[in-house]
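Coordinates as given in final_16.txt (compact mmCIF, C-alpha atoms):
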```
# COMPACT_ATOMS: atom_id res chain seq x y z
CA MET A 3 -17.17 -10.53 -23.18
CA SER A 4 -20.41 -9.03 -24.35
CA TRP A 5 -19.16 -5.85 -25.95
CA SER A 6 -22.65 -4.47 -26.54
CA TRP A 7 -23.08 -3.95 -22.80
CA ILE A 8 -20.49 -1.16 -22.87
CA PRO A 9 -22.14 1.37 -25.22
CA GLY A 10 -25.53 0.48 -23.73
CA ASN A 11 -24.31 1.58 -20.29
CA GLY A 12 -22.08 4.48 -21.32
CA ALA A 13 -23.81 6.96 -19.01
CA LEU A 14 -23.43 4.70 -15.97
CA ILE A 15 -19.77 3.92 -16.73
CA TRP A 16 -18.98 7.59 -17.24
CA GLN A 17 -20.67 8.58 -13.97
CA LEU A 18 -18.84 5.87 -11.99
CA THR A 19 -15.53 6.87 -13.60
CA ARG A 20 -16.09 10.51 -12.61
CA GLU A 21 -16.92 9.49 -9.05
CA ASN A 22 -13.81 7.32 -8.92
CA ILE A 23 -11.58 10.13 -10.19
CA TYR A 24 -13.03 12.43 -7.53
CA LEU A 25 -12.51 9.86 -4.74
CA GLY A 26 -8.94 9.20 -5.91
CA VAL A 27 -7.62 12.63 -6.82
CA VAL A 28 -9.05 14.77 -3.99
CA PRO A 29 -7.51 12.66 -1.15
CA ALA A 30 -4.09 12.63 -2.84
CA LEU A 31 -4.14 16.43 -3.24
CA LEU A 32 -5.35 16.92 0.34
CA GLY A 33 -2.63 14.54 1.49
CA LEU A 34 -0.06 16.66 -0.34
CA VAL A 35 -1.39 19.88 1.21
CA ILE A 36 -1.12 18.40 4.72
CA SER A 37 2.22 16.66 4.07
CA LEU A 38 4.05 19.79 2.95
CA PRO A 39 3.98 21.71 6.27
CA LEU A 40 4.50 18.49 8.27
CA GLY A 41 7.41 17.49 6.02
CA ILE A 42 8.99 20.93 6.28
CA VAL A 43 8.77 20.75 10.07
CA ALA A 44 10.19 17.20 10.07
CA ALA A 45 13.08 18.11 7.77
CA ARG A 46 13.97 21.09 9.95
CA TRP A 47 13.45 19.74 13.46
CA ARG A 48 14.80 16.22 13.24
CA TRP A 49 13.37 14.96 16.55
CA PHE A 50 9.87 15.33 15.09
CA TYR A 51 10.41 12.81 12.31
CA PRO A 52 10.98 9.40 14.00
CA PRO A 53 7.75 9.57 16.07
CA ALA A 54 5.85 10.92 13.05
CA LEU A 55 7.18 8.05 10.95
CA THR A 56 5.99 5.50 13.52
CA VAL A 57 2.49 7.01 13.52
CA VAL A 58 2.50 7.02 9.72
CA SER A 59 3.49 3.36 9.44
CA VAL A 60 0.82 2.30 11.95
CA ILE A 61 -1.90 4.24 10.11
CA TYR A 62 -0.71 2.79 6.83
CA ALA A 63 -1.04 -0.74 8.23
CA ILE A 64 -4.79 -0.23 8.84
CA PRO A 65 -6.82 -1.99 6.14
CA ALA A 66 -8.88 0.50 4.11
CA ILE A 67 -12.16 -1.28 4.83
CA ALA A 68 -11.50 -1.07 8.59
CA LEU A 69 -10.77 2.66 8.42
CA PHE A 70 -13.93 3.32 6.39
CA ILE A 71 -15.90 1.42 9.04
CA ALA A 72 -14.24 3.27 11.91
CA LEU A 73 -15.28 6.58 10.36
CA ILE A 74 -18.94 5.58 9.90
CA PRO A 75 -20.21 6.91 13.28
CA ALA A 76 -18.58 10.28 12.63
CA LEU A 77 -19.08 10.66 8.88
CA GLY A 78 -21.70 8.11 7.81
CA LEU A 79 -21.74 6.20 4.54
CA THR A 80 -20.62 9.22 2.55
CA ASP A 81 -18.01 10.39 0.05
CA THR A 82 -16.47 12.37 2.90
CA ASN A 83 -15.81 9.15 4.81
CA VAL A 84 -13.82 7.63 1.93
CA ILE A 85 -12.06 10.92 1.21
CA VAL A 86 -10.93 11.37 4.82
CA ALA A 87 -9.67 7.76 5.02
CA LEU A 88 -7.81 7.92 1.70
CA THR A 89 -6.37 11.33 2.63
CA LEU A 90 -4.82 9.69 5.69
CA PHE A 91 -3.32 6.91 3.55
CA SER A 92 -2.01 9.42 0.98
CA LEU A 93 -0.45 11.43 3.78
CA CYS A 94 1.41 8.29 4.84
CA VAL A 95 3.06 7.85 1.44
CA ILE A 96 3.63 11.54 0.61
CA LEU A 97 5.10 12.74 3.92
CA PRO A 98 8.23 10.51 3.81
CA ASN A 99 8.88 11.72 0.27
CA VAL A 100 8.59 15.39 1.27
CA VAL A 101 11.14 14.81 4.03
CA ALA A 102 13.45 12.79 1.75
CA GLY A 103 13.18 15.42 -0.99
CA LEU A 104 14.03 18.30 1.34
CA ARG A 105 16.86 16.42 3.03
CA GLY A 106 18.22 15.44 -0.37
CA VAL A 107 18.99 19.04 -1.29
CA PRO A 108 22.81 19.17 -1.43
CA GLU A 109 24.40 21.15 1.39
CA PRO A 110 26.53 23.32 -1.00
CA VAL A 111 23.31 24.44 -2.74
CA ARG A 112 21.85 25.46 0.61
CA GLN A 113 25.03 27.31 1.55
CA ALA A 114 25.12 29.05 -1.83
CA ALA A 115 21.56 30.30 -1.30
CA THR A 116 22.46 31.53 2.18
CA ALA A 117 25.58 33.25 0.82
CA MET A 118 23.44 35.03 -1.76
CA GLY A 119 21.50 36.54 1.12
CA TYR A 120 18.44 34.26 1.08
CA GLY A 121 16.62 34.01 4.39
CA ALA A 122 15.30 30.67 5.62
CA VAL A 123 11.80 31.10 4.17
CA ARG A 124 12.91 32.42 0.79
CA ARG A 125 15.52 29.66 0.51
CA LEU A 126 12.88 27.04 1.32
CA VAL A 127 10.34 28.34 -1.18
CA THR A 128 12.62 29.26 -4.08
CA VAL A 129 15.46 26.73 -3.75
CA GLU A 130 14.74 23.72 -1.54
CA LEU A 131 11.12 22.97 -2.45
CA PRO A 132 11.69 23.28 -6.22
CA LEU A 133 14.65 20.90 -5.99
CA ALA A 134 12.52 18.47 -3.98
CA VAL A 135 9.70 18.50 -6.56
CA PRO A 136 10.60 15.23 -8.34
CA VAL A 137 10.72 13.24 -5.09
CA ILE A 138 7.55 14.86 -3.72
CA LEU A 139 5.69 14.20 -6.97
CA GLY A 140 6.87 10.59 -6.79
CA GLY A 141 5.03 10.31 -3.48
CA LEU A 142 1.97 12.12 -4.83
CA ARG A 143 1.88 9.66 -7.72
CA VAL A 144 1.85 6.62 -5.43
CA GLY A 145 -0.77 8.30 -3.22
CA MET A 146 -3.02 9.09 -6.16
CA VAL A 147 -2.73 5.71 -7.87
CA SER A 148 -3.43 3.85 -4.61
CA SER A 149 -6.36 6.15 -3.75
CA ILE A 150 -7.94 5.53 -7.16
CA SER A 151 -7.63 1.79 -6.60
CA LEU A 152 -8.65 1.81 -2.90
CA ALA A 153 -11.69 3.98 -3.62
CA THR A 154 -13.32 0.89 -5.17
CA ILE A 155 -13.34 -0.75 -1.73
CA GLY A 156 -15.58 2.09 -0.53
CA GLN A 157 -18.28 0.38 -2.57
CA LEU A 158 -18.50 -2.23 0.21
CA ILE A 159 -19.89 0.48 2.51
CA GLY A 160 -22.04 1.79 -0.34
CA VAL A 161 -19.93 4.73 -1.56
CA SER A 162 -20.26 4.73 -5.33
CA SER A 163 -17.21 4.27 -7.57
CA LEU A 164 -16.04 1.89 -10.30
CA GLY A 165 -16.18 -0.70 -7.51
CA TYR A 166 -19.91 -0.83 -8.28
CA LEU A 167 -19.03 -2.68 -11.50
CA PHE A 168 -17.12 -5.32 -9.52
CA ILE A 169 -19.93 -5.97 -7.06
CA ASP A 170 -22.73 -5.80 -9.59
CA GLY A 171 -20.71 -8.00 -11.98
CA LEU A 172 -20.26 -10.61 -9.26
CA GLN A 173 -23.91 -10.58 -8.22
CA ARG A 174 -25.05 -10.98 -11.83
CA SER A 175 -22.16 -13.36 -12.76
CA PHE A 176 -21.35 -10.97 -15.57
CA PRO A 177 -17.57 -10.73 -16.11
CA THR A 178 -17.78 -8.02 -18.80
CA GLU A 179 -18.74 -5.51 -16.13
CA ILE A 180 -15.76 -6.48 -13.96
CA TYR A 181 -13.35 -6.27 -16.91
CA VAL A 182 -14.61 -2.76 -17.70
CA GLY A 183 -13.97 -1.71 -14.10
CA LEU A 184 -10.49 -3.23 -14.01
CA VAL A 185 -9.46 -1.70 -17.34
CA LEU A 186 -10.77 1.74 -16.34
CA ILE A 187 -8.95 1.70 -12.99
CA ILE A 188 -5.68 0.78 -14.72
CA ALA A 189 -6.33 3.44 -17.39
CA LEU A 190 -6.93 6.08 -14.69
CA ALA A 191 -3.65 5.10 -13.01
CA VAL A 192 -1.76 5.40 -16.30
CA ALA A 193 -3.41 8.77 -16.99
CA CYS A 194 -2.31 9.96 -13.54
CA ASP A 195 1.24 8.90 -14.27
CA LEU A 196 1.30 10.81 -17.55
CA ILE A 197 -0.26 13.97 -16.09
CA LEU A 198 2.09 14.01 -13.10
CA ALA A 199 5.09 13.42 -15.38
CA GLY A 200 3.94 16.50 -17.34
CA VAL A 201 3.56 18.51 -14.13
CA ARG A 202 7.07 17.52 -13.09
CA ARG A 203 8.51 18.64 -16.40
CA ALA A 204 6.70 21.97 -16.13
CA LEU A 205 7.87 22.53 -12.53
CA THR A 206 11.50 21.45 -13.09
CA PRO A 207 12.45 22.88 -16.51
CA TRP A 208 16.15 22.56 -15.60
CA ALA A 209 15.98 18.78 -15.28
CA ALA A 210 17.28 16.64 -18.13
CA ARG A 211 14.45 15.45 -20.37
CA SER A 212 15.08 11.77 -20.35
CA MET B 404 -21.78 6.25 20.33
CA SER B 405 -18.33 6.14 18.85
CA PHE B 406 -16.66 3.45 16.80
CA PHE B 407 -14.71 2.21 19.80
CA SER B 408 -17.71 1.87 22.08
CA TYR B 409 -19.63 -0.12 19.42
CA ALA B 410 -16.57 -2.28 18.77
CA TRP B 411 -15.85 -2.75 22.47
CA ASP B 412 -19.45 -3.72 23.30
CA TRP B 413 -19.41 -6.37 20.61
CA VAL B 414 -15.93 -7.72 21.28
CA THR B 415 -16.62 -8.08 25.02
CA GLN B 416 -19.88 -10.01 24.60
CA SER B 417 -18.95 -13.48 25.73
CA ALA B 418 -21.39 -15.10 23.27
CA ASN B 419 -19.20 -13.92 20.41
CA TRP B 420 -16.25 -15.88 21.75
CA HIS B 421 -17.78 -19.33 21.53
CA GLY B 422 -18.61 -21.92 18.95
CA SER B 423 -18.06 -22.16 15.26
CA GLY B 424 -17.66 -18.75 13.68
CA GLY B 425 -16.70 -17.26 17.04
CA ILE B 426 -13.95 -14.68 17.44
CA PRO B 427 -11.05 -17.08 18.31
CA GLN B 428 -11.87 -19.34 15.39
CA GLN B 429 -12.06 -16.47 12.91
CA ILE B 430 -8.80 -14.95 14.18
CA LEU B 431 -7.06 -18.29 13.60
CA ALA B 432 -8.71 -18.63 10.19
CA HIS B 433 -7.60 -15.11 9.27
CA LEU B 434 -4.02 -15.88 10.30
CA GLY B 435 -4.08 -19.08 8.25
CA TYR B 436 -5.59 -17.41 5.19
CA SER B 437 -2.88 -14.74 5.44
CA ALA B 438 0.11 -16.95 6.25
CA LEU B 439 -0.33 -19.47 3.43
CA PRO B 440 -0.30 -16.99 0.51
CA LEU B 441 2.48 -15.02 2.19
CA LEU B 442 4.61 -18.15 2.46
CA ILE B 443 4.05 -19.14 -1.17
CA ALA B 444 4.72 -15.58 -2.34
CA ALA B 445 7.95 -15.46 -0.30
CA LEU B 446 9.13 -18.77 -1.77
CA ILE B 447 8.66 -17.32 -5.25
CA GLY B 448 9.47 -13.65 -4.68
CA ILE B 449 12.67 -13.82 -2.61
CA PRO B 450 14.67 -16.18 -4.89
CA ALA B 451 13.44 -14.34 -7.99
CA GLY B 452 14.30 -10.91 -6.54
CA VAL B 453 17.72 -12.07 -5.34
CA ALA B 454 18.48 -13.65 -8.72
CA ILE B 455 17.47 -10.51 -10.61
CA GLY B 456 19.43 -8.31 -8.20
CA HIS B 457 22.53 -10.49 -8.51
CA THR B 458 22.54 -10.80 -12.29
CA GLY B 459 20.94 -7.46 -13.16
CA ARG B 460 18.80 -9.19 -15.78
CA GLY B 461 15.17 -8.16 -15.89
CA ALA B 462 15.64 -5.09 -13.69
CA VAL B 463 13.36 -3.00 -15.94
CA VAL B 464 10.52 -5.45 -15.40
CA VAL B 465 10.93 -5.19 -11.62
CA VAL B 466 10.78 -1.39 -11.59
CA ASN B 467 7.59 -1.43 -13.67
CA LEU B 468 6.11 -4.12 -11.45
CA ALA B 469 6.66 -1.90 -8.42
CA ASN B 470 4.87 0.95 -10.17
CA ALA B 471 1.93 -1.09 -11.40
CA TRP B 472 1.32 -2.93 -8.14
CA ARG B 473 -0.59 -0.26 -6.26
CA ALA B 474 -2.87 0.41 -9.19
CA ILE B 475 -4.42 -3.07 -9.16
CA PRO B 476 -7.89 -3.01 -7.54
CA THR B 477 -8.00 -6.13 -5.37
CA LEU B 478 -11.80 -6.18 -5.14
CA GLY B 479 -11.97 -6.35 -8.94
CA LEU B 480 -9.53 -9.22 -9.15
CA LEU B 481 -11.33 -11.16 -6.42
CA THR B 482 -14.78 -10.71 -7.95
CA LEU B 483 -13.52 -11.59 -11.44
CA LEU B 484 -12.07 -14.88 -10.23
CA ALA B 485 -15.20 -15.62 -8.20
CA VAL B 486 -17.32 -15.27 -11.34
CA TYR B 487 -15.17 -17.80 -13.19
CA LEU B 488 -14.13 -20.21 -10.42
CA GLY B 489 -17.00 -19.88 -7.96
CA PHE B 490 -16.18 -19.72 -4.25
CA SER B 491 -13.29 -22.18 -4.32
CA PHE B 492 -9.88 -22.48 -2.71
CA LEU B 493 -8.08 -21.02 -5.74
CA THR B 494 -10.45 -18.05 -5.92
CA TRP B 495 -8.95 -16.43 -2.88
CA LEU B 496 -5.50 -18.05 -2.83
CA LEU B 497 -4.49 -17.09 -6.36
CA PRO B 498 -5.00 -13.30 -6.11
CA LEU B 499 -3.52 -13.16 -2.60
CA VAL B 500 -0.35 -14.93 -3.79
CA VAL B 501 -0.07 -12.93 -7.00
CA LEU B 502 -0.55 -9.62 -5.20
CA ALA B 503 1.87 -10.48 -2.38
CA ILE B 504 4.73 -11.26 -4.76
CA PRO B 505 5.55 -7.74 -6.09
CA PRO B 506 6.53 -6.05 -2.80
CA ILE B 507 8.60 -9.09 -1.76
CA LEU B 508 10.32 -9.41 -5.13
CA VAL B 509 10.98 -5.69 -5.59
CA ASN B 510 12.51 -5.25 -2.12
CA ALA B 511 14.67 -8.37 -2.45
CA TYR B 512 15.84 -7.06 -5.82
CA GLU B 513 16.61 -3.59 -4.47
CA GLY B 514 18.40 -5.00 -1.45
CA VAL B 515 20.70 -7.20 -3.50
CA ALA B 516 21.19 -4.73 -6.36
CA GLY B 517 22.10 -2.06 -3.81
CA VAL B 518 25.04 -4.00 -2.35
CA ASP B 519 28.20 -1.91 -2.52
CA PRO B 520 30.28 -3.07 -5.57
CA GLY B 521 33.38 -2.85 -3.38
CA VAL B 522 31.90 -5.43 -1.04
CA ARG B 523 31.14 -7.70 -4.01
CA ASP B 524 34.72 -7.35 -5.24
CA ALA B 525 36.04 -8.13 -1.77
CA ALA B 526 33.94 -11.30 -1.67
CA THR B 527 35.27 -12.38 -5.06
CA GLY B 528 38.79 -11.50 -3.98
CA ALA B 529 38.40 -13.62 -0.85
CA GLY B 530 37.79 -16.59 -3.13
CA MET B 531 34.04 -16.96 -2.69
CA THR B 532 32.09 -18.78 -5.39
CA PRO B 533 29.09 -16.88 -6.83
CA TRP B 534 26.78 -19.04 -4.68
CA GLN B 535 28.71 -18.22 -1.50
CA GLN B 536 28.76 -14.58 -2.52
CA VAL B 537 24.97 -14.56 -2.79
CA THR B 538 24.17 -16.54 0.35
CA ARG B 539 26.87 -15.23 2.71
CA VAL B 540 27.28 -11.64 1.59
CA GLU B 541 24.50 -10.26 -0.60
CA VAL B 542 21.45 -11.80 1.11
CA PRO B 543 22.57 -10.87 4.68
CA ILE B 544 23.22 -7.29 3.54
CA ALA B 545 19.85 -7.22 1.75
CA LEU B 546 18.02 -8.71 4.74
CA PRO B 547 16.62 -5.44 6.14
CA LEU B 548 14.98 -4.66 2.78
CA ILE B 549 13.83 -8.25 2.28
CA LEU B 550 12.03 -7.95 5.63
CA VAL B 551 10.47 -4.65 4.58
CA GLY B 552 9.10 -6.43 1.53
CA LEU B 553 7.71 -9.28 3.63
CA ARG B 554 6.15 -6.80 6.05
CA THR B 555 4.49 -4.81 3.26
CA ALA B 556 3.17 -8.02 1.73
CA ALA B 557 1.95 -9.35 5.10
CA ILE B 558 0.00 -6.21 5.90
CA PHE B 559 -1.41 -6.19 2.40
CA VAL B 560 -2.48 -9.84 2.66
CA VAL B 561 -4.18 -9.31 6.05
CA ALA B 562 -6.17 -6.42 4.55
CA THR B 563 -7.05 -8.27 1.35
CA ALA B 564 -8.07 -11.43 3.21
CA THR B 565 -10.62 -9.20 4.98
CA ILE B 566 -12.09 -8.11 1.67
CA ALA B 567 -12.04 -11.70 0.42
CA ALA B 568 -14.87 -12.36 2.90
CA TYR B 569 -17.00 -10.71 0.24
CA ILE B 570 -16.38 -13.72 -2.01
CA GLY B 571 -17.04 -16.16 0.81
CA LEU B 572 -13.71 -16.50 2.62
CA GLY B 573 -13.84 -17.00 6.40
CA GLY B 574 -11.78 -14.98 8.85
CA LEU B 575 -12.42 -11.62 10.49
CA GLY B 576 -13.85 -10.17 7.29
CA ARG B 577 -16.90 -12.40 7.83
CA PHE B 578 -18.04 -10.26 10.79
CA ILE B 579 -17.66 -7.14 8.65
CA ILE B 580 -19.35 -8.38 5.47
CA ASP B 581 -22.17 -10.22 7.27
CA GLY B 582 -22.72 -7.26 9.58
CA LEU B 583 -22.91 -4.85 6.63
CA ASP B 584 -25.41 -7.16 4.91
CA SER B 585 -27.67 -7.23 7.96
CA TYR B 586 -27.21 -3.52 8.87
CA GLN B 587 -25.68 -4.33 12.27
CA TYR B 588 -22.89 -1.98 13.16
CA GLY B 589 -21.72 -3.94 16.24
CA PRO B 590 -20.04 -6.90 14.47
CA VAL B 591 -18.86 -4.59 11.67
CA ALA B 592 -17.06 -2.32 14.13
CA GLY B 593 -15.81 -5.25 16.22
CA GLY B 594 -14.48 -7.08 13.18
CA ALA B 595 -12.78 -3.91 11.94
CA LEU B 596 -11.16 -3.31 15.34
CA LEU B 597 -9.84 -6.89 15.44
CA VAL B 598 -8.46 -6.56 11.90
CA VAL B 599 -6.68 -3.35 12.86
CA ILE B 600 -5.22 -4.98 15.96
CA LEU B 601 -4.07 -7.94 13.86
CA ALA B 602 -2.45 -5.66 11.27
CA VAL B 603 -0.63 -3.66 13.93
CA LEU B 604 0.56 -6.88 15.58
CA VAL B 605 1.92 -8.03 12.20
CA LEU B 606 3.75 -4.70 11.90
CA ALA B 607 5.21 -5.13 15.40
CA PHE B 608 6.14 -8.75 14.66
CA PHE B 609 8.22 -7.71 11.67
CA ALA B 610 9.81 -4.84 13.59
CA GLY B 611 10.89 -7.39 16.21
CA LEU B 612 12.00 -9.89 13.59
CA SER B 613 14.25 -7.37 11.86
CA ARG B 614 15.96 -6.73 15.21
CA LEU B 615 16.55 -10.45 15.64
CA VAL B 616 17.77 -11.53 12.23
CA VAL B 617 19.62 -8.54 10.80
CA PRO B 618 23.37 -9.08 11.31
CA ALA B 619 24.75 -7.10 14.25
CA GLY B 620 27.33 -5.33 12.08
CA LEU B 621 24.63 -3.98 9.79
CA ARG B 622 22.56 -2.77 12.74
CA ARG B 623 25.48 -0.78 14.13
CA GLN B 624 26.09 0.69 10.73
CA GLY B 625 22.43 1.73 10.51
CA LYS B 626 22.66 3.52 13.83
CA ALA B 627 25.88 5.30 12.89
CA GLU B 628 24.16 6.75 9.85
```

Serialized structure, structure tokens:
Amino acid sequence: MSWSWIPGNGALIWQLTRENIYLGVVPALLGLVISLPLGIVAARWRWFYPPALTVVSVIYAIPAIALFIALIPALGLTDTNVIVALTLFSLCVILPNVVAGLRGVPEPVRQAATAMGYGAVRRLVTVELPLAVPVILGGLRVGMVSSISLATIGQLIGVSSLGYLFIDGLQRSFPTEIYVGLVLIIALAVACDLILAGVRRALTPWAARS
Amino acid sequence: MSFFSYAWDWVTQSANWHGSGGIPQQILAHLGYSALPLLIAALIGIPAGVAIGHTGRGAVVVVNLANAWRAIPTLGLLTLLAVYLGFSFLTWLLPLVVLAIPPILVNAYEGVAGVDPGVRDAATGAGMTPWQQVTRVEVPIALPLILVGLRTAAIFVVATATIAAYIGLGGLGRFIIDGLDSYQYGPVAGGALLVVILAVLVLAFFAGLSRLVVPAGLRRQGKAE
């Protein structure tokens, strides 16, 4: 380890970290936004879910590098390329959780809401979705952590992220750079975990604080 | 031109199908580079997961392992080892094995830990030794999840072996990495298409396998639910 490299390259490291956060967080949030309506449809009309699940597992089997490459003719070697690809992957992990969360709402709770005069939409928004929050956030967490990590592979098609430190470190045979990248990726994942745990607590104040 | 037309043009050029470094050779190499680490990881991960699931010891470690797994950037691990070990056998084998273990271990653990306590009691009551209990009751019941773990690991290994071309590994990733280096989109797209086909075939293989090896009683139960 040559520790002096780190402060000397603070600006570069900070810029790459910001780019990596952007490439990791935006796809996970987009994946959530797309998963919610799809998950609601799948939880309500059951025939929709098995085919959707098959499509999801096939997409999820595609290696990230191959999907980036497949999007090059349409989107070029851009941030958008990586964001679209990682959004698809996030969708694949979040959607099953949305469906599981909504289906996990106990039937008596649903009946109680109906008995209190709640229509389908109001029941969904004020009862079912809030109860599904922990499971949905579990999916969002996996989507975000994997996107942060997979974003580094975008470096192979030239999209800048902390992956730059891996490739540059290899080309210069300079392990310090690679260690910095690895530690920062893990730190970003841990930070995501903590933030999402906070979000969950804020959204489900009734849950036991364990 | 779209991705598919580039990929198709390259894949259908007969010159790419011959000689050393041709498509058939790289497909075989890719399968080999994926199968070996998967096999080693299964030999470590399945017994470990079953043992932890059966005894309940070390369950906390397993849950954390499952959480940490997706955060690990494979490209970083590969490049780090390449800096220290050069482009050797261990450089690609070690990270592929290490990264394939968590999904296998975690699913084997969850499968065995999730066995209905009543079923366990029945096995004990029927006079089974702990070993018989594990091999004849718990593992067959856990089999669907064990296969999910193997499938996840297999798909992961196929994808990571592609990236390992960056540190000199052969296989389909060679077309991609070399093509990117020389700014030729044809081999890049063709290699990517072949990798996708391979990954989907692996997915289908495990779907078929789970139909074959999961005990018939469990399958019926799954359908009834």

Problem - Pick from A:Thr80, A:Gln17, A:Ser37, A:Ser4 nearest to Leu158 (chain A), counting only C-alpha atoms - result: A:Thr80

Practice task
Pull out every residue of chain A sitting within 7 Å of chain B, counting only C-alpha atoms, and send them as a PyMOL selection string.
Solution key: chain A and resi 60+63-65+68+71-72+75+147-148+151-152+155+168+172+175+177+180+184+188+191

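For Pro52 (chain A), the residues within 12 Å (counting all atoms listed in the file, excluding itself and residues fewer than 6 positions away along the chain) are Gly41, Ala44, Ala45, Val58, Ser59, Pro98 and Val101 of chain A.
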
I need the chosen residues saved as a PDB file, in the frame of the given file, with C-alpha atoms.
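Just written: part19.pdb:
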```pdb
ATOM      1  CA  GLY A  41       7.410  17.490   6.020  1.00  0.00           C
ATOM      2  CA  ALA A  44      10.190  17.200  10.070  1.00  0.00           C
ATOM      3  CA  ALA A  45      13.080  18.110   7.770  1.00  0.00           C
ATOM      4  CA  VAL A  58       2.500   7.020   9.720  1.00  0.00           C
ATOM      5  CA  SER A  59       3.490   3.360   9.440  1.00  0.00           C
ATOM      6  CA  PRO A  98       8.230  10.510   3.810  1.00  0.00           C
ATOM      7  CA  VAL A 101      11.140  14.810   4.030  1.00  0.00           C
TER       8      VAL A 101
END
```

Practice task
Enter the distance from CA of Ala114 (chain A) to CA of Leu142 (chain A), in Å, rounded to one decimal.
Solution key: 28.8 Å

Problem - Who sits within 8 Å of region 427-444 of chain B, all atoms listed in the file, same chain under 3 positions skipped, as a ChimeraX atom specification - result: /B:420-421,423-424,447-448,496,499-501,503-504,507,553,556-557,560-561,564-565,573-575

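The gap separating CA of Val551 (chain B) from CA of Ile42 (chain A) is 25.7 Å, in Å to one decimal.
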
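Rounded to one decimal, CA of Ile455 (chain B) and CA of Gly552 (chain B) lie 15.3 Å from each other.
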
Handout entry: Counting only C-alpha atoms, the residue of B:Ala567, B:Val453, B:Asn467, B:Trp534 that sits nearest Val518 (chain B)
Key = B:Val453

Handout entry: Near-region 132-138 of chain A list (7 Å; only C-alpha atoms; drop same-chain fewer than 6 positions) as a count of residues only
Key = 7

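When the distance limit is 9 Å and all atoms listed in the file are what count, the residues near region 93-95 of chain A, minus those fewer than 5 positions from it on the same chain, are A:Pro29, A:Ala30, A:Leu32, A:Gly33, A:Leu34, A:Val35, A:Ile36, A:Ser37, A:Leu55, A:Val57, A:Val58, A:Ser59, A:Ile61, A:Tyr62, A:Leu88, A:Gly141, A:Leu142, A:Val144, A:Gly145.
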
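For the choices A:Leu73, A:Met3, A:Asn83, A:Trp47, the atom-to-atom distance to Ser162 (chain A) is smallest for A:Asn83 when using only C-alpha atoms.
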